[in-house]
file work_14.csv (CSV, C-alpha atoms)
chain,number,residue,atom,x,y,z
A,1,MET,CA,22.7,5.4,-20.7
A,2,SER,CA,22.9,3.9,-17.2
A,3,VAL,CA,22.8,5.0,-13.6
A,4,GLU,CA,24.1,3.5,-10.4
A,5,ILE,CA,22.2,2.6,-7.2
A,6,PRO,CA,24.6,3.5,-4.4
A,7,VAL,CA,25.7,1.3,-1.5
A,8,VAL,CA,24.0,1.8,1.8
A,9,HIS,CA,27.2,1.9,3.9
A,10,GLU,CA,30.9,2.5,3.2
A,11,LYS,CA,31.8,-0.7,5.0
A,12,ASP,CA,29.3,-2.7,3.1
A,13,SER,CA,30.8,-5.3,0.8
A,14,ALA,CA,28.3,-4.5,-2.0
A,15,GLN,CA,29.2,-2.6,-5.1
A,16,PRO,CA,27.0,0.0,-6.7
A,17,VAL,CA,24.5,-1.6,-9.1
A,18,THR,CA,24.4,-0.3,-12.6
A,19,VAL,CA,20.8,-0.1,-13.9
A,20,SER,CA,19.1,1.3,-17.0
A,21,ASP,CA,18.5,5.1,-17.2
A,22,GLU,CA,15.2,4.3,-19.0
A,23,VAL,CA,13.9,2.8,-15.8
A,24,PHE,CA,15.7,4.6,-13.0
A,25,GLY,CA,16.3,8.0,-14.7
A,26,CYS,CA,12.8,9.1,-15.5
A,27,GLU,CA,11.3,12.5,-14.7
A,28,PHE,CA,8.9,12.6,-11.7
A,29,ASN,CA,5.3,12.6,-13.0
A,30,GLU,CA,3.4,13.7,-9.9
A,31,PRO,CA,-0.2,13.4,-11.4
A,32,LEU,CA,0.5,9.9,-12.7
A,33,VAL,CA,2.0,8.8,-9.4
A,34,HIS,CA,-1.0,10.2,-7.5
A,35,GLN,CA,-3.3,8.3,-9.9
A,36,LEU,CA,-1.3,5.1,-9.4
A,37,VAL,CA,-1.3,5.3,-5.6
A,38,THR,CA,-5.0,6.3,-5.2
A,39,GLY,CA,-6.0,3.6,-7.7
A,40,TYR,CA,-4.0,0.9,-5.8
A,41,LEU,CA,-5.7,1.9,-2.5
A,42,ALA,CA,-9.1,2.0,-4.1
A,43,ASN,CA,-8.7,-1.4,-5.6
A,44,GLY,CA,-7.9,-2.8,-2.2
A,45,ARG,CA,-11.3,-1.7,-0.8
A,46,ALA,CA,-13.8,-4.5,-0.3
A,47,GLY,CA,-16.9,-2.4,-1.0
A,48,THR,CA,-19.1,-4.9,0.9
A,49,LYS,CA,-20.8,-2.4,3.2
A,50,ALA,CA,-24.6,-2.9,3.2
A,51,GLN,CA,-27.4,-1.2,5.0
A,52,LYS,CA,-31.2,-1.6,4.8
A,53,THR,CA,-33.7,1.0,3.5
A,54,ARG,CA,-37.1,1.4,5.0
A,55,SER,CA,-38.5,-1.1,2.5
A,56,GLU,CA,-36.1,-3.8,3.6
A,57,VAL,CA,-36.3,-3.7,7.4
A,58,SER,CA,-38.8,-6.0,9.0
A,59,GLY,CA,-42.1,-4.9,10.6
A,60,GLY,CA,-44.1,-1.8,9.9
A,61,GLY,CA,-47.2,-3.3,8.5
A,62,LYS,CA,-49.4,-1.4,10.8
A,63,LYS,CA,-49.7,2.2,11.8
A,64,PRO,CA,-48.2,2.5,15.3
A,65,TRP,CA,-51.1,4.6,16.7
A,66,ARG,CA,-54.0,6.5,15.3
A,67,GLN,CA,-53.4,9.8,13.5
A,68,LYS,CA,-55.0,12.1,16.1
A,69,GLY,CA,-55.9,12.3,19.7
A,70,THR,CA,-52.9,10.7,21.3
A,71,GLY,CA,-50.9,13.9,21.9
A,72,ARG,CA,-47.9,12.4,20.1
A,73,ALA,CA,-46.5,13.2,16.7
A,74,ARG,CA,-48.2,11.4,13.9
A,75,SER,CA,-46.3,8.3,12.6
A,76,GLY,CA,-47.1,5.9,9.8
A,77,SER,CA,-44.6,3.1,10.2
A,78,ILE,CA,-42.0,1.9,12.6
A,79,ARG,CA,-39.7,1.4,9.6
A,80,SER,CA,-39.3,5.1,9.3
A,81,PRO,CA,-35.6,6.3,9.3
A,82,ILE,CA,-36.3,8.5,12.3
A,83,TRP,CA,-37.3,5.5,14.4
A,84,ARG,CA,-34.7,3.4,16.3
A,85,GLY,CA,-34.4,0.1,14.3
A,86,GLY,CA,-35.9,1.8,11.2
A,87,GLY,CA,-34.4,1.9,7.7
A,88,VAL,CA,-31.5,4.1,6.7
A,89,THR,CA,-32.3,7.1,4.5
A,90,PHE,CA,-29.4,6.8,2.1
A,91,ALA,CA,-28.5,3.2,2.7
A,92,ALA,CA,-25.0,2.0,1.6
A,93,LYS,CA,-25.0,-0.9,-0.9
A,94,PRO,CA,-22.2,-3.2,-2.1
A,95,ARG,CA,-20.2,-1.5,-4.8
A,96,SER,CA,-16.9,-1.7,-6.6
A,97,PHE,CA,-14.3,1.0,-6.0
A,98,LYS,CA,-12.0,-0.4,-8.8
A,99,GLN,CA,-10.1,2.1,-10.9
A,100,LYS,CA,-8.7,0.9,-14.2
A,101,LEU,CA,-5.0,1.8,-15.0
A,102,ASN,CA,-3.5,0.2,-18.0
A,103,LYS,CA,-0.1,-1.6,-17.9
A,104,LYS,CA,1.8,1.1,-19.7
A,105,MET,CA,0.6,3.8,-17.3
A,106,TYR,CA,1.4,1.5,-14.3
A,107,ARG,CA,4.9,0.9,-15.5
A,108,ARG,CA,5.5,4.6,-16.2
A,109,GLY,CA,4.2,5.5,-12.8
A,110,MET,CA,6.4,2.9,-11.1
A,111,ARG,CA,9.5,4.0,-13.1
A,112,SER,CA,8.7,7.6,-11.9
A,113,ILE,CA,8.6,6.5,-8.3
A,114,VAL,CA,11.9,4.4,-8.3
A,115,SER,CA,13.6,7.2,-10.2
A,116,GLU,CA,12.6,9.8,-7.7
A,117,LEU,CA,13.7,7.5,-4.8
A,118,LEU,CA,17.1,7.2,-6.4
A,119,ARG,CA,17.4,11.0,-6.9
A,120,GLN,CA,16.5,11.6,-3.3
A,121,ASN,CA,19.1,8.9,-2.1
A,122,ARG,CA,16.3,6.8,-0.7
A,123,LEU,CA,17.0,3.8,-2.8
A,124,LEU,CA,20.1,1.9,-1.7
A,125,VAL,CA,21.9,-1.4,-2.3
A,126,SER,CA,22.8,-3.7,0.6
A,127,ALA,CA,24.6,-7.1,0.2
A,128,ASP,CA,24.1,-8.3,3.8
A,129,VAL,CA,20.6,-6.9,4.7
A,130,VAL,CA,19.3,-10.5,4.5
A,131,PRO,CA,20.5,-12.3,7.7
A,132,ALA,CA,21.9,-15.8,7.6
A,133,GLU,CA,19.6,-16.8,10.5
A,134,PRO,CA,16.1,-15.7,11.4
A,135,LYS,CA,17.3,-13.5,14.2
A,136,THR,CA,15.5,-10.3,14.9
A,137,LYS,CA,18.4,-8.9,17.0
A,138,ALA,CA,20.8,-9.3,14.0
A,139,ILE,CA,18.7,-7.3,11.5
A,140,VAL,CA,17.8,-4.7,14.1
A,141,SER,CA,21.5,-4.2,14.8
A,142,LYS,CA,22.2,-3.9,11.1
A,143,LEU,CA,19.5,-1.4,10.5
A,144,LYS,CA,20.6,0.8,13.4
A,145,GLU,CA,24.1,0.7,12.0
A,146,TYR,CA,22.8,2.0,8.7
A,147,ALA,CA,20.7,4.8,10.4
A,148,LEU,CA,18.2,4.8,7.5
A,149,GLY,CA,15.2,6.4,9.1
A,150,ARG,CA,11.9,5.3,10.6
A,151,ARG,CA,10.2,3.4,7.8
A,152,ILE,CA,12.3,0.9,5.9
A,153,LEU,CA,11.3,-1.3,2.9
A,154,ILE,CA,13.5,-4.3,2.1
A,155,LEU,CA,13.3,-5.7,-1.4
A,156,VAL,CA,14.5,-9.2,-2.0
A,157,GLU,CA,14.6,-11.3,-5.2
A,158,ASN,CA,12.3,-14.1,-4.0
A,159,GLU,CA,10.3,-15.3,-0.9
A,160,ASN,CA,12.7,-15.7,2.0
A,161,PRO,CA,11.3,-17.1,5.2
A,162,VAL,CA,14.6,-16.2,7.0
A,163,VAL,CA,14.2,-12.4,6.5
A,164,ASP,CA,10.4,-12.7,7.0
A,165,LEU,CA,10.8,-14.2,10.4
A,166,ALA,CA,13.6,-11.8,11.3
A,167,VAL,CA,11.6,-8.6,10.7
A,168,ARG,CA,8.0,-9.6,11.5
A,169,ASN,CA,8.3,-8.2,15.0
A,170,VAL,CA,10.2,-5.1,14.0
A,171,PRO,CA,7.9,-2.0,13.7
A,172,ASN,CA,8.0,0.0,10.5
A,173,VAL,CA,10.1,-2.5,8.6
A,174,GLN,CA,8.5,-4.2,5.7
A,175,VAL,CA,9.8,-6.9,3.3
A,176,SER,CA,8.6,-7.4,-0.2
A,177,VAL,CA,9.6,-9.4,-3.3
A,178,ALA,CA,10.9,-7.1,-6.0
A,179,GLY,CA,8.7,-8.6,-8.7
A,180,ARG,CA,5.5,-7.8,-6.6
A,181,VAL,CA,6.3,-4.6,-4.8
A,182,ASP,CA,3.4,-2.1,-4.8
A,183,PRO,CA,3.6,1.7,-5.3
A,184,VAL,CA,2.2,2.5,-1.8
A,185,SER,CA,5.0,0.6,-0.1
A,186,LEU,CA,7.6,2.4,-2.2
A,187,VAL,CA,6.2,5.9,-1.6
A,188,ALA,CA,5.7,5.4,2.1
A,189,ALA,CA,9.2,4.2,2.8
A,190,ASP,CA,11.9,6.6,4.1
A,191,LYS,CA,14.5,4.2,2.7
A,192,VAL,CA,14.3,1.3,0.3
A,193,LEU,CA,17.1,-1.4,0.6
A,194,VAL,CA,17.5,-3.7,-2.3
A,195,THR,CA,19.8,-6.6,-3.0
A,196,GLU,CA,21.6,-6.6,-6.3
A,197,LYS,CA,19.4,-9.4,-7.7
A,198,ALA,CA,16.3,-7.6,-6.5
A,199,ALA,CA,17.4,-4.4,-8.3
A,200,LYS,CA,17.8,-6.3,-11.6
A,201,ILE,CA,14.4,-8.0,-11.2
A,202,LEU,CA,12.8,-4.6,-10.6
A,203,GLU,CA,14.5,-3.2,-13.7
A,204,GLU,CA,13.3,-6.1,-15.8
A,205,ARG,CA,9.7,-5.7,-14.5
A,206,LEU,CA,9.5,-2.0,-15.3
A,207,ALA,CA,11.4,-2.0,-18.6
call {"tool": "encode", "arguments": {"input": "work_14.csv", "output": "structure tokens"}}
result
Amino acid sequence: MSVEIPVVHEKDSAQPVTVSDEVFGCEFNEPLVHQLVTGYLANGRAGTKAQKTRSEVSGGGKKPWRQKGTGRARSGSIRSPIWRGGGVTFAAKPRSFKQKLNKKMYRRGMRSIVSELLRQNRLLVSADVVPAEPKTKAIVSKLKEYALGRRILILVENENPVVDLAVRNVPNVQVSVAGRVDPVSLVAADKVLVTEKAAKILEERLA
């Protein structure tokens, strides 16, 4: 079985790309996609936040004032959390937010995402989305002609400095290599434009 990724525009010279139903015809698995997206975001967190407890801040070796007779509240150390410059009660420490997701689950989740994009007509083929020259004006004009929506993701087959330079100043337009595209970028895009080669690379990656 096979399905077709439609062309973005009637005047576009590209033909619909035939791809495998096993990759682009899967049922939408919402729990798995949620786990995939949250795991990807969690794995991107640095986890390097660090604060000091009262035992780690400097000073505090001497009681600030005597226990009684001063008219002030009793205090034992300037390192107390209620003092300015004191330690933090529940101090944050470096930690890992990594969530493990095995390769089979990752591929299943990605297949579910691209299949749903295709069902919602958010995954489209374009032959000329990659400009011949790094001209922002040209690609903006092309995207306006397509009327695709606010957030657009362009998938290309390999690193292309021409398209990178053309879109880097265009808000809400992102370029990614098909072999390295992440689930968050796919889910967040209103429309995903792919070249024919990029579609085949994506199919091979998720097969």
call {"tool": "residues_near_point", "arguments": {"input": "work_14.csv", "point": "(14.5, 5.6, -2.0)", "cutoff": "9 Å", "atoms": "only C-alpha atoms", "output": "mmCIF file with C-alpha atoms, in the frame of the given file"}}
result
data_model
loop_
_atom_site.group_PDB
_atom_site.id
_atom_site.type_symbol
_atom_site.label_atom_id
_atom_site.label_comp_id
_atom_site.auth_asym_id
_atom_site.auth_seq_id
_atom_site.Cartn_x
_atom_site.Cartn_y
_atom_site.Cartn_z
ATOM 1 C CA ILE A 113 8.600 6.500 -8.300
ATOM 2 C CA VAL A 114 11.900 4.400 -8.300
ATOM 3 C CA SER A 115 13.600 7.200 -10.200
ATOM 4 C CA GLU A 116 12.600 9.800 -7.700
ATOM 5 C CA LEU A 117 13.700 7.500 -4.800
ATOM 6 C CA LEU A 118 17.100 7.200 -6.400
ATOM 7 C CA ARG A 119 17.400 11.000 -6.900
ATOM 8 C CA GLN A 120 16.500 11.600 -3.300
ATOM 9 C CA ASN A 121 19.100 8.900 -2.100
ATOM 10 C CA ARG A 122 16.300 6.800 -0.700
ATOM 11 C CA LEU A 123 17.000 3.800 -2.800
ATOM 12 C CA LEU A 124 20.100 1.900 -1.700
ATOM 13 C CA LEU A 186 7.600 2.400 -2.200
ATOM 14 C CA VAL A 187 6.200 5.900 -1.600
ATOM 15 C CA ALA A 189 9.200 4.200 2.800
ATOM 16 C CA ASP A 190 11.900 6.600 4.100
ATOM 17 C CA LYS A 191 14.500 4.200 2.700
ATOM 18 C CA VAL A 192 14.300 1.300 0.300
ATOM 19 C CA LEU A 193 17.100 -1.400 0.600
#
call {"tool": "closest_residue", "arguments": {"input": "work_14.csv", "among": "A:Val181, A:Met105, A:Ala50, A:Val167", "to": "A:Val88", "atoms": "all atoms listed in the file"}}
result
A:Ala50
call {"tool": "residues_around", "arguments": {"input": "work_14.csv", "residues": "A:Asp182", "least_positions_apart": "2", "cutoff": "12 Å", "atoms": "only C-alpha atoms", "output": "VMD selection string"}}
result
chain A and resid 33 36 to 41 44 106 to 107 109 to 111 113 to 114 153 155 174 to 180 184 to 189 202
call {"tool": "residues_around", "arguments": {"input": "work_14.csv", "residues": "A:Lys142", "least_positions_apart": "5", "cutoff": "12 Å", "atoms": "all atoms listed in the file", "output": "list in words"}}
result
Val8, His9, Lys11, Asp12, Ser126, Ala127, Asp128, Val129, Val130, Pro131, Lys135, Thr136, Lys137, Ala147, Leu148, Ala166, Val167 and Leu193 of chain A
call {"tool": "residues_near_point", "arguments": {"input": "work_14.csv", "point": "(-34.3, 2.1, 13.1)", "cutoff": "12 Å", "atoms": "only C-alpha atoms", "output": "ChimeraX atom specification"}}
result
/A:51-60,77-89,91
call {"tool": "atom_distance", "arguments": {"input": "work_14.csv", "atom1": "atom CA of A:Thr18", "atom2": "atom CA of A:Tyr146"}}
result
21.5 Å
call {"tool": "closest_residue", "arguments": {"input": "work_14.csv", "among": "A:Ser141, A:Ser2, A:Thr48, A:Asn158", "to": "A:Asp21", "atoms": "all atoms listed in the file"}}
result
A:Ser2
call {"tool": "closest_residue", "arguments": {"input": "work_14.csv", "among": "A:Thr70, A:Val162, A:Phe97, A:Glu145", "to": "A:Ala42", "atoms": "all atoms listed in the file"}}
result
A:Phe97
call {"tool": "atom_distance", "arguments": {"input": "work_14.csv", "atom1": "atom CA of A:Gln99", "atom2": "atom CA of A:Leu206"}}
result
20.5 Å
call {"tool": "atom_distance", "arguments": {"input": "work_14.csv", "atom1": "atom CA of A:Asn102", "atom2": "atom CA of A:Asn43"}}
result
13.5 Å
call {"tool": "residues_around", "arguments": {"input": "work_14.csv", "residues": "A:Glu22", "least_positions_apart": "4", "cutoff": "8 Å", "atoms": "all atoms listed in the file", "output": "ChimeraX atom specification"}}
result
/A:1-2,26,207
call {"tool": "closest_residue", "arguments": {"input": "work_14.csv", "among": "A:Pro134, A:Pro6, A:Pro183, A:Pro16", "to": "A:Arg108", "atoms": "all atoms listed in the file"}}
result
A:Pro183
call {"tool": "closest_residue", "arguments": {"input": "work_14.csv", "among": "A:Lys62, A:Arg95, A:His34, A:Arg151", "to": "A:Ser75", "atoms": "only C-alpha atoms"}}
result
A:Lys62
call {"tool": "closest_residue", "arguments": {"input": "work_14.csv", "among": "A:Asp164, A:Pro94, A:Val17, A:Val173", "to": "A:Leu143", "atoms": "only C-alpha atoms"}}
result
A:Val173
